[in-house]
file entry19.cif (mmCIF, C-alpha atoms)
data_final
loop_
_atom_site.label_atom_id
_atom_site.label_comp_id
_atom_site.auth_asym_id
_atom_site.auth_seq_id
_atom_site.Cartn_x
_atom_site.Cartn_y
_atom_site.Cartn_z
CA MET A 787 9.25 8.33 -12.73
CA ILE A 788 6.45 9.47 -10.42
CA ASN A 789 6.74 13.07 -9.23
CA PHE A 790 5.32 14.39 -5.96
CA ASP A 791 5.67 18.08 -6.76
CA ILE A 792 2.44 19.05 -5.00
CA ASP A 793 1.22 21.60 -2.47
CA TYR A 794 0.50 19.30 0.47
CA MET A 795 -1.73 21.63 2.48
CA ASP A 796 -3.72 22.65 -0.58
CA TYR A 797 -4.19 18.97 -1.46
CA VAL A 798 -5.42 18.14 2.06
CA ILE A 799 -7.97 20.95 2.00
CA LYS A 800 -9.24 20.28 -1.55
CA ASN A 801 -9.74 16.59 -0.79
CA ASP A 802 -11.04 17.17 2.74
CA LEU A 803 -8.48 14.75 4.17
CA ASP A 804 -8.37 16.53 7.53
CA THR A 805 -12.07 15.79 8.05
CA LEU A 806 -11.63 12.23 6.81
CA LEU A 807 -8.77 11.62 9.26
CA GLN A 808 -10.38 13.66 12.07
CA ILE A 809 -7.45 15.99 12.61
CA ASN A 810 -7.24 19.73 13.30
CA LEU A 811 -4.92 21.38 10.82
CA ASP A 812 -4.18 24.29 13.17
CA ASP A 813 -2.91 21.82 15.75
CA TYR A 814 -1.13 19.61 13.23
CA GLY A 815 0.93 22.32 11.52
CA ASN A 816 2.52 22.00 8.07
CA ALA A 817 1.05 19.09 6.11
CA ASP A 818 4.42 18.23 4.55
CA ARG A 819 6.39 18.09 7.79
CA LYS A 820 8.04 14.78 8.64
CA ILE A 821 7.03 13.20 11.96
CA THR A 822 9.76 11.15 13.60
CA PRO A 823 8.51 8.87 16.40
CA HIS A 824 10.71 7.53 19.17
CA GLN A 825 13.56 5.38 17.85
CA ASN A 826 12.15 2.24 19.48
CA TYR A 827 8.50 2.79 18.55
CA SER A 828 8.41 0.46 15.56
CA VAL A 829 10.40 -2.30 17.28
CA ASP A 830 8.47 -2.32 20.57
CA PRO A 831 6.22 -5.42 20.70
CA ASN A 832 4.10 -3.87 23.47
CA VAL A 833 2.96 -0.76 21.59
CA ASN A 834 -0.80 -0.28 22.07
CA ASP A 835 -1.27 3.14 20.49
CA PRO A 836 -1.85 3.60 16.75
CA TYR A 837 0.95 5.18 14.77
CA PRO A 838 0.44 8.97 14.66
CA VAL A 839 -1.10 10.47 11.52
CA GLU A 840 1.59 11.41 8.99
CA LEU A 841 -0.13 13.69 6.52
CA ASP A 842 2.80 13.88 4.12
CA ASP A 843 2.80 10.10 3.56
CA LEU A 844 -0.98 9.95 3.33
CA VAL A 845 -1.18 12.82 0.85
CA ARG A 846 1.33 11.10 -1.44
CA LEU A 847 -0.63 7.86 -1.21
CA HIS A 848 -3.93 9.54 -2.07
CA TYR A 849 -2.32 11.57 -4.86
CA LEU A 850 -0.73 8.50 -6.46
CA ILE A 851 -4.01 6.57 -6.56
CA ARG A 852 -5.90 9.51 -8.01
CA LYS A 853 -3.26 10.56 -10.57
CA TYR A 854 -2.84 7.07 -12.00
CA LYS A 855 -6.54 6.15 -11.84
CA VAL A 856 -6.05 3.06 -9.69
CA ILE A 857 -8.93 0.61 -9.96
CA THR A 858 -8.17 -2.19 -7.48
CA ALA A 859 -5.86 -1.81 -4.47
CA LEU A 860 -4.12 -4.35 -2.27
CA GLU A 861 -2.87 -3.03 1.05
CA ILE A 862 -0.52 -5.00 3.29
CA GLY A 863 -0.98 -3.66 6.81
CA ALA A 864 -4.19 -1.79 7.74
CA GLY A 865 -4.16 1.65 9.38
CA LYS A 866 -4.84 5.29 8.56
CA SER A 867 -3.68 4.43 5.06
CA THR A 868 -6.74 2.19 4.66
CA ILE A 869 -9.07 5.17 5.05
CA VAL A 870 -7.06 7.27 2.61
CA ILE A 871 -6.76 4.54 -0.04
CA ALA A 872 -10.50 3.82 0.17
CA ASP A 873 -11.32 7.53 -0.20
CA ALA A 874 -9.09 7.87 -3.26
CA LEU A 875 -10.63 4.76 -4.84
CA ASN A 876 -14.12 6.07 -4.14
CA LYS A 877 -13.26 9.36 -5.85
CA ASN A 878 -11.88 7.39 -8.81
CA LYS A 879 -15.14 5.45 -8.94
CA GLU A 880 -17.18 8.65 -9.03
CA GLN A 881 -15.03 10.11 -11.80
CA TYR A 882 -14.12 7.06 -13.90
CA GLY A 883 -16.62 4.35 -12.94
CA ASP A 884 -18.61 4.51 -16.18
CA ILE A 885 -15.48 4.47 -18.35
CA VAL A 886 -14.04 1.44 -16.56
CA LYS A 887 -17.34 -0.43 -16.78
CA LYS A 888 -17.87 0.26 -20.48
CA LYS A 889 -14.34 0.13 -21.90
CA LEU A 890 -12.09 -1.99 -19.65
CA ARG A 891 -12.14 -5.64 -18.64
CA LYS A 892 -11.83 -5.28 -14.89
CA HIS A 893 -13.30 -7.10 -11.91
CA ASN A 894 -13.18 -5.99 -8.26
CA SER A 895 -13.30 -2.46 -9.62
CA PHE A 896 -12.78 0.29 -7.03
CA GLU A 897 -12.28 -2.14 -4.19
CA LEU A 898 -9.66 -2.09 -1.46
CA HIS A 899 -8.49 -5.38 0.00
CA SER A 900 -6.29 -5.07 3.06
CA ILE A 901 -4.27 -7.85 4.69
CA GLU A 902 -3.95 -7.58 8.47
CA THR A 903 -2.68 -9.92 11.20
CA SER A 904 -4.22 -8.10 14.19
CA SER A 905 -7.96 -8.26 14.93
CA LYS A 906 -7.53 -5.26 17.24
CA TRP A 907 -6.13 -2.98 14.53
CA SER A 908 -8.60 -4.34 12.01
CA GLU A 909 -11.53 -3.41 14.23
CA LEU A 910 -10.12 0.06 14.91
CA VAL A 911 -9.73 0.74 11.19
CA LEU A 912 -13.19 -0.53 10.25
CA ASN A 913 -14.78 1.56 13.01
CA GLY A 914 -13.08 4.65 11.60
CA LEU A 915 -14.35 4.16 8.05
CA PRO A 916 -17.35 6.19 6.81
CA ASP A 917 -20.17 3.99 5.52
CA LYS A 918 -19.51 4.81 1.87
CA LEU A 919 -15.91 3.64 2.27
CA ASN A 920 -16.81 0.61 4.37
CA ASN A 921 -18.76 -0.74 1.43
CA ILE A 922 -15.68 -0.89 -0.81
CA THR A 923 -13.18 -2.05 1.84
CA SER A 924 -12.42 -5.62 2.90
CA ILE A 925 -9.92 -6.44 5.62
CA HIS A 926 -8.59 -9.99 5.44
CA LEU A 927 -7.42 -11.24 8.83
CA THR A 928 -4.71 -13.86 8.46
CA SER A 929 -1.66 -15.27 10.15
CA CYS A 930 1.90 -14.86 8.93
CA LYS A 931 4.77 -17.33 9.10
CA MET A 932 8.52 -17.54 8.67
CA SER A 933 9.61 -19.30 5.48
CA THR A 934 12.04 -18.98 2.57
CA PHE A 935 12.04 -17.63 -0.98
CA ASN A 936 14.83 -19.04 -3.17
CA ASP A 937 16.43 -20.22 0.06
CA ARG A 938 16.37 -16.66 1.49
CA ILE A 939 14.60 -16.28 4.83
CA CYS A 940 11.40 -14.25 4.61
CA THR A 941 7.73 -14.25 5.65
CA TYR A 942 4.46 -15.30 3.99
CA PHE A 943 0.81 -14.68 4.81
CA GLU A 944 -1.46 -17.70 5.12
CA HIS A 945 -4.11 -15.99 2.99
CA ILE A 946 -3.88 -13.51 0.11
CA PRO A 947 -7.03 -11.92 -1.40
CA ASP A 948 -7.92 -13.48 -4.76
CA ILE A 949 -7.80 -10.24 -6.77
CA CYS A 950 -5.68 -8.66 -9.51
CA PRO A 951 -4.53 -5.36 -8.02
CA ASP A 952 -3.11 -2.54 -10.11
CA PHE A 953 -1.77 -0.88 -6.95
CA ILE A 954 -0.09 -2.46 -3.92
CA TYR A 955 0.80 -0.58 -0.74
CA LEU A 956 3.29 -2.39 1.49
CA ASP A 957 3.30 -1.22 5.11
CA GLY A 958 2.94 -4.43 7.14
CA PRO A 959 3.16 -6.67 8.99
CA ASP A 960 5.27 -5.69 11.99
CA GLN A 961 8.31 -7.85 12.63
CA TYR A 962 6.69 -9.62 15.60
CA SER A 963 3.65 -11.02 13.79
CA PRO A 964 5.29 -13.84 11.78
CA GLU A 965 5.10 -17.18 13.57
CA GLY A 966 7.75 -19.89 13.70
CA ALA A 967 11.40 -19.79 12.70
CA VAL A 968 13.75 -21.05 10.01
CA ASN A 969 16.69 -22.88 11.60
CA GLY A 970 16.10 -20.86 14.75
CA PHE A 971 16.05 -17.52 12.87
CA SER A 972 13.04 -15.18 12.90
CA THR A 973 12.18 -11.51 12.40
CA ARG A 974 11.18 -11.13 16.05
CA HIS A 975 14.54 -9.86 17.25
CA PRO A 976 14.28 -6.06 17.89
CA ASP A 977 17.22 -5.37 15.57
CA ARG A 978 15.61 -7.21 12.65
CA MET A 979 13.12 -5.97 10.12
CA PRO A 980 10.07 -7.26 8.21
CA MET A 981 10.76 -9.26 5.03
CA VAL A 982 7.52 -9.85 3.10
CA ALA A 983 7.87 -12.13 0.05
CA ASP A 984 4.22 -12.53 -0.98
CA ILE A 985 4.51 -9.96 -3.78
CA LEU A 986 7.40 -11.91 -5.27
CA ARG A 987 5.29 -15.06 -5.38
CA ILE A 988 2.50 -13.37 -7.33
CA GLU A 989 4.78 -11.19 -9.50
CA HIS A 990 3.95 -12.88 -12.80
CA PHE A 991 0.23 -12.32 -12.19
CA LEU A 992 0.73 -8.55 -11.82
CA LEU A 993 -0.14 -6.71 -15.02
CA PRO A 994 2.06 -4.18 -16.79
CA GLY A 995 1.26 -0.81 -15.27
CA THR A 996 0.99 -2.16 -11.72
CA ILE A 997 2.39 0.24 -9.11
CA ILE A 998 3.89 -0.88 -5.80
CA MET A 999 4.52 1.69 -3.06
CA VAL A 1000 6.63 0.71 -0.04
CA ASP A 1001 6.54 2.96 3.03
CA GLY A 1002 10.03 2.80 4.57
CA ARG A 1003 11.01 -0.89 4.84
CA THR A 1004 14.14 -0.34 2.80
CA ALA A 1005 15.53 -3.83 3.46
CA ASN A 1006 12.28 -5.39 2.23
CA ALA A 1007 12.22 -3.14 -0.85
CA ARG A 1008 15.81 -4.14 -1.69
CA PHE A 1009 14.88 -7.80 -1.23
CA MET A 1010 12.06 -7.43 -3.75
CA LYS A 1011 14.21 -5.46 -6.19
CA LYS A 1012 16.92 -8.15 -6.16
CA ASN A 1013 14.41 -10.97 -6.71
CA PHE A 1014 11.93 -9.52 -9.20
CA GLN A 1015 12.05 -11.21 -12.62
CA LEU A 1016 9.88 -8.84 -14.67
CA LYS A 1017 10.96 -5.36 -15.76
CA TRP A 1018 10.24 -2.83 -13.01
CA GLU A 1019 11.11 0.84 -12.99
CA TYR A 1020 12.30 1.59 -9.45
CA ASN A 1021 12.79 4.76 -7.45
CA HIS A 1022 13.89 5.17 -3.84
CA ASP A 1023 13.41 8.63 -2.39
CA SER A 1024 15.50 8.55 0.77
CA ASN A 1025 14.26 11.98 1.89
CA LEU A 1026 10.62 10.89 1.75
CA ASP A 1027 11.54 7.35 2.87
CA ILE A 1028 9.46 5.67 0.16
CA HIS A 1029 10.10 3.16 -2.61
CA ILE A 1030 8.04 2.96 -5.80
CA PHE A 1031 8.05 0.14 -8.35
CA LEU A 1032 6.29 0.38 -11.72
CA ASN A 1033 5.79 -2.70 -13.92
CA VAL A 1034 7.07 -1.54 -17.33
CA GLU A 1035 6.71 -4.80 -19.27
CA ASN A 1036 5.07 -4.54 -22.70
CA PRO A 1037 1.27 -4.90 -22.71
CA LEU A 1038 -0.04 -8.46 -22.47
CA GLY A 1039 -2.68 -7.84 -25.11
CA PRO A 1040 -5.38 -5.40 -26.26
CA TYR A 1041 -7.25 -5.28 -22.94
CA ASN A 1042 -4.12 -4.54 -20.94
CA LYS A 1043 -3.08 -1.95 -23.54
CA LYS A 1044 -6.43 -0.19 -23.18
CA GLU A 1045 -5.97 -0.05 -19.43
CA LEU A 1046 -2.44 1.35 -19.80
CA GLU A 1047 -3.67 4.07 -22.16
CA PHE A 1048 -6.48 4.91 -19.74
CA LYS A 1049 -4.01 5.30 -16.87
CA PHE A 1050 -0.85 6.67 -18.47
CA GLY A 1051 -1.89 8.05 -21.86
CA SER A 1052 -1.06 6.90 -25.36
CA LYS A 1053 2.72 7.06 -24.78
#
call {"tool": "encode", "arguments": {"input": "entry19.cif", "output": "structure tokens"}}
result
Amino acid sequence: MINFDIDYMDYVIKNDLDTLLQINLDDYGNADRKITPHQNYSVDPNVNDPYPVELDDLVRLHYLIRKYKVITALEIGAGKSTIVIADALNKNKEQYGDIVKKKLRKHNSFELHSIETSSKWSELVLNGLPDKLNNITSIHLTSCKMSTFNDRICTYFEHIPDICPDFIYLDGPDQYSPEGAVNGFSTRHPDRMPMVADILRIEHFLLPGTIIMVDGRTANARFMKKNFQLKWEYNHDSNLDIHIFLNVENPLGPYNKKELEFKFGSK
């Protein structure tokens, strides 16, 4: 499975992520240190401040996209991750753009499509993007509602970008965004957690080789794992608090096989 045996500080410096994220490394400290916010931060509906930069998470995200030559990314929940994903995609475009154009059958190449429920956070993220990254980034503002999947209570977005992503990053929405209730039950209680089911609905459209990265959200990751129907290799690193799914179905045909060889090698 995917290995994050990397020198975090060296990676930040080589990829200029500190400049991209507008942070001072002397003030920040070790790039691989884990930041633990207040216990009620993520369940407070009145939070107005952006989540603090967590370099360790962002380095892993950037590294994953670069290492596996991601072409099209879907992000659920905009934030600092949007800037990092866009930068990694842009670097992939510079390095592999000609190969993808000439040898692979791909559309929406080197684009990031982010789903977001808050116009405030969307505007903050777009304002923080350099022009070269703004051109490849689309934030899709949409509402979210309570619903069911196989009679299990969950949430759905009203709109999903019409793309075929080979990488999905799940880090949204917050538990207070979904509207409505199912038999009086919702995610808006402070002791509940998000339960996104959109990825399950589009599972059979996701190509072999697709990578899904879930930041925290263990309950949601378990929900997906229990309900997936295709073959997914799964790893939960409890120390890093991340979940990674890899679609390991056999290639769909020659075009998909070419893409898999481009990303993962002949084996």
call {"tool": "atom_distance", "arguments": {"input": "entry19.cif", "atom1": "atom CA of A:Leu927", "atom2": "atom CA of A:Asn1006"}}
result
21.6 Å
call {"tool": "closest_residue", "arguments": {"input": "entry19.cif", "among": "A:Ile799, A:Ile788, A:Ile862, A:Leu993", "to": "A:Asn1033", "atoms": "all atoms listed in the file"}}
result
A:Leu993
call {"tool": "residues_around", "arguments": {"input": "entry19.cif", "residues": "A:Thr934", "least_positions_apart": "3", "cutoff": "12 Å", "atoms": "only C-alpha atoms", "output": "MDAnalysis selection string"}}
result
chainID A and resid 931 937:942 966:969 971:972 981:984 986:987
call {"tool": "atom_distance", "arguments": {"input": "entry19.cif", "atom1": "atom CA of A:Tyr797", "atom2": "atom CA of A:Tyr849"}}
result
8.4 Å
call {"tool": "resolve_selection", "arguments": {"input": "entry19.cif", "expression": "the PyMOL selection byres ((chain A and resi 807) around 10)", "output": "list in words"}}
result
Asp802, Leu803, Asp804, Thr805, Leu806, Gln808, Ile809, Asn810, Val839, Leu841, Leu844, Lys866, Ser867, Ile869, Val870, Gly914 and Leu915 of chain A
call {"tool": "closest_residue", "arguments": {"input": "entry19.cif", "among": "A:Val911, A:Met979, A:Ala859, A:Leu992", "to": "A:Leu875", "atoms": "all atoms listed in the file"}}
result
A:Ala859
call {"tool": "atom_distance", "arguments": {"input": "entry19.cif", "atom1": "atom CA of A:Tyr955", "atom2": "atom CA of A:Asp1001"}}
result
7.7 Å
call {"tool": "axis_aligned_box", "arguments": {"input": "entry19.cif", "around": "stretch 968-973 of chain A", "padding_each_side": "8 Å", "output": "lines of an AutoDock Vina configuration file"}}
result
center_x = 14.4
center_y = -17.2
center_z = 12.4
size_x = 20.5
size_y = 27.4
size_z = 20.7
call {"tool": "residues_around", "arguments": {"input": "entry19.cif", "residues": "A:Leu850", "least_positions_apart": "3", "cutoff": "10 Å", "atoms": "all atoms listed in the file", "output": "MDAnalysis selection string"}}
result
chainID A and resid 788:790 844:847 853:856 871 874 953 997 999
call {"tool": "residues_around", "arguments": {"input": "entry19.cif", "residues": "A:Pro964", "least_positions_apart": "2", "cutoff": "6 Å", "atoms": "only C-alpha atoms", "output": "PyMOL selection string"}}
result
chain A and resi 930-932+962
